[in-house]
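Engineer: Could you have a look at this structure, given as structure tokens, before my questions?
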Amino acid sequence: MKLNIISLKGLEFDGEVSSLNLKTTSGEITILDNHRLLITQLSKGEAVVIKENGNKLKFNIESGFLEVAAGNKATILTG
């Protein structure tokens, strides 16, 4: 899936990933390829991104939103 992470600093990440795990106001979720469409508010915590090559990246999230859109695309907007 194509993932963009955008913060007030600018584009933090732009690439293909196999999964994304992060905290929302409703609880912790994992997003995989071809996930259903979703818009949710994020809670403070760590976003764990697994790239297609298996490498793991971690991003600190204070707050924000996650959108999973058509075309296997996900975007995190964070402050």
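As shown in the structure tokens, the chain order sets the letters A, B, ...; within each chain, residues go from 1, and ligands are also counted from 1 in the order they appear.
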Could you list, as a ChimeraX atom specification, every residue within 7 Å of Glu67 of chain A, counting only C-alpha atoms and ignoring same-chain residues fewer than 5 positions away?
Structural biologist: /A:38-40,74-76
Engineer: Got a sec: who's within 10 Å of Arg36 of chain A, counting only C-alpha atoms, leaving out chain neighbours fewer than 6 positions off, as a ChimeraX atom specification?
Structural biologist: /A:68-70,72
Engineer: Which one of A:Ile31, A:Leu3, A:Leu42, A:Ile50 sits closest to Gly15 of chain A if you count only C-alpha atoms?
Structural biologist: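 Between A:Ile31, A:Leu3, A:Leu42, A:Ile50, the residue approaching Gly15 of chain A most closely is A:Leu3.
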Engineer: If you run DSSP over the backbone, which residues in segment 31-61 of chain A end up strand (DSSP E or B)? Put them as number ranges by chain.
Structural biologist: A: 31-32, 38-42, 45-51, 56-61
Engineer: With only C-alpha atoms as the atoms that count, which of A:Gln41, A:Leu57, A:Glu28, A:Ser18 lies nearest to Leu77 of chain A?
Structural biologist: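 Selected residue with least distance to Leu77 of chain A: A:Gln41.
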Engineer: What does the distance from atom CA of Thr24 of chain A to atom CA of Ser43 of chain A come to in Å, to one decimal?
Structural biologist: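 Between atom CA of Thr24 of chain A and atom CA of Ser43 of chain A the gap is 4.9 Å.
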Engineer: Can you tell me, as an mmCIF file with all heavy atoms, in the first residue's frame, what residues are no more than 9 Å from Phe59 of chain A when counting only C-alpha atoms, ignoring any on the same chain fewer than 3 positions away?
Structural biologist:
```
data_model
loop_
_atom_site.group_PDB
_atom_site.id
_atom_site.type_symbol
_atom_site.label_atom_id
_atom_site.label_comp_id
_atom_site.auth_asym_id
_atom_site.auth_seq_id
_atom_site.Cartn_x
_atom_site.Cartn_y
_atom_site.Cartn_z
ATOM 1 N N GLU A 12 7.017 13.466 5.939
ATOM 2 C CA GLU A 12 7.887 12.658 6.798
ATOM 3 C C GLU A 12 8.198 11.298 6.168
ATOM 4 O O GLU A 12 9.258 10.732 6.400
ATOM 5 C CB GLU A 12 7.229 12.431 8.160
ATOM 6 C CG GLU A 12 6.905 13.689 8.920
ATOM 7 C CD GLU A 12 8.085 14.217 9.715
ATOM 8 O OE1 GLU A 12 8.930 13.433 10.136
ATOM 9 O OE2 GLU A 12 8.142 15.439 9.907
ATOM 10 N N GLY A 45 0.880 8.354 20.469
ATOM 11 C CA GLY A 45 1.502 7.032 20.500
ATOM 12 C C GLY A 45 2.489 6.873 19.367
ATOM 13 O O GLY A 45 2.886 7.842 18.725
ATOM 14 N N GLU A 46 2.851 5.654 19.129
ATOM 15 C CA GLU A 46 3.854 5.340 18.119
ATOM 16 C C GLU A 46 3.188 4.656 16.925
ATOM 17 O O GLU A 46 2.418 3.718 17.100
ATOM 18 C CB GLU A 46 4.898 4.409 18.736
ATOM 19 C CG GLU A 46 6.121 4.213 17.911
ATOM 20 C CD GLU A 46 7.179 3.454 18.691
ATOM 21 O OE1 GLU A 46 6.967 2.261 18.959
ATOM 22 O OE2 GLU A 46 8.206 4.067 19.024
ATOM 23 N N ALA A 47 3.486 5.135 15.729
ATOM 24 C CA ALA A 47 3.041 4.474 14.501
ATOM 25 C C ALA A 47 4.179 3.569 14.046
ATOM 26 O O ALA A 47 5.307 4.024 13.884
ATOM 27 C CB ALA A 47 2.712 5.496 13.425
ATOM 28 N N VAL A 48 3.886 2.291 13.876
ATOM 29 C CA VAL A 48 4.885 1.329 13.437
ATOM 30 C C VAL A 48 4.566 0.953 11.994
ATOM 31 O O VAL A 48 3.490 0.443 11.693
ATOM 32 C CB VAL A 48 4.898 0.069 14.326
ATOM 33 C CG1 VAL A 48 5.927 -0.923 13.828
ATOM 34 C CG2 VAL A 48 5.174 0.451 15.773
ATOM 35 N N VAL A 49 5.514 1.230 11.115
ATOM 36 C CA VAL A 49 5.365 0.984 9.685
ATOM 37 C C VAL A 49 6.299 -0.156 9.293
ATOM 38 O O VAL A 49 7.490 -0.118 9.602
ATOM 39 C CB VAL A 49 5.733 2.258 8.882
ATOM 40 C CG1 VAL A 49 5.705 1.997 7.395
ATOM 41 C CG2 VAL A 49 4.819 3.408 9.266
#
```
Engineer: What's around Val17 of chain A at 9 Å? Count only C-alpha atoms, leave out sequence neighbours fewer than 3 positions away in its own chain, and write the answer as a PyMOL selection string.
Structural biologist: chain A and resi 1-3+20+32-33+49-54
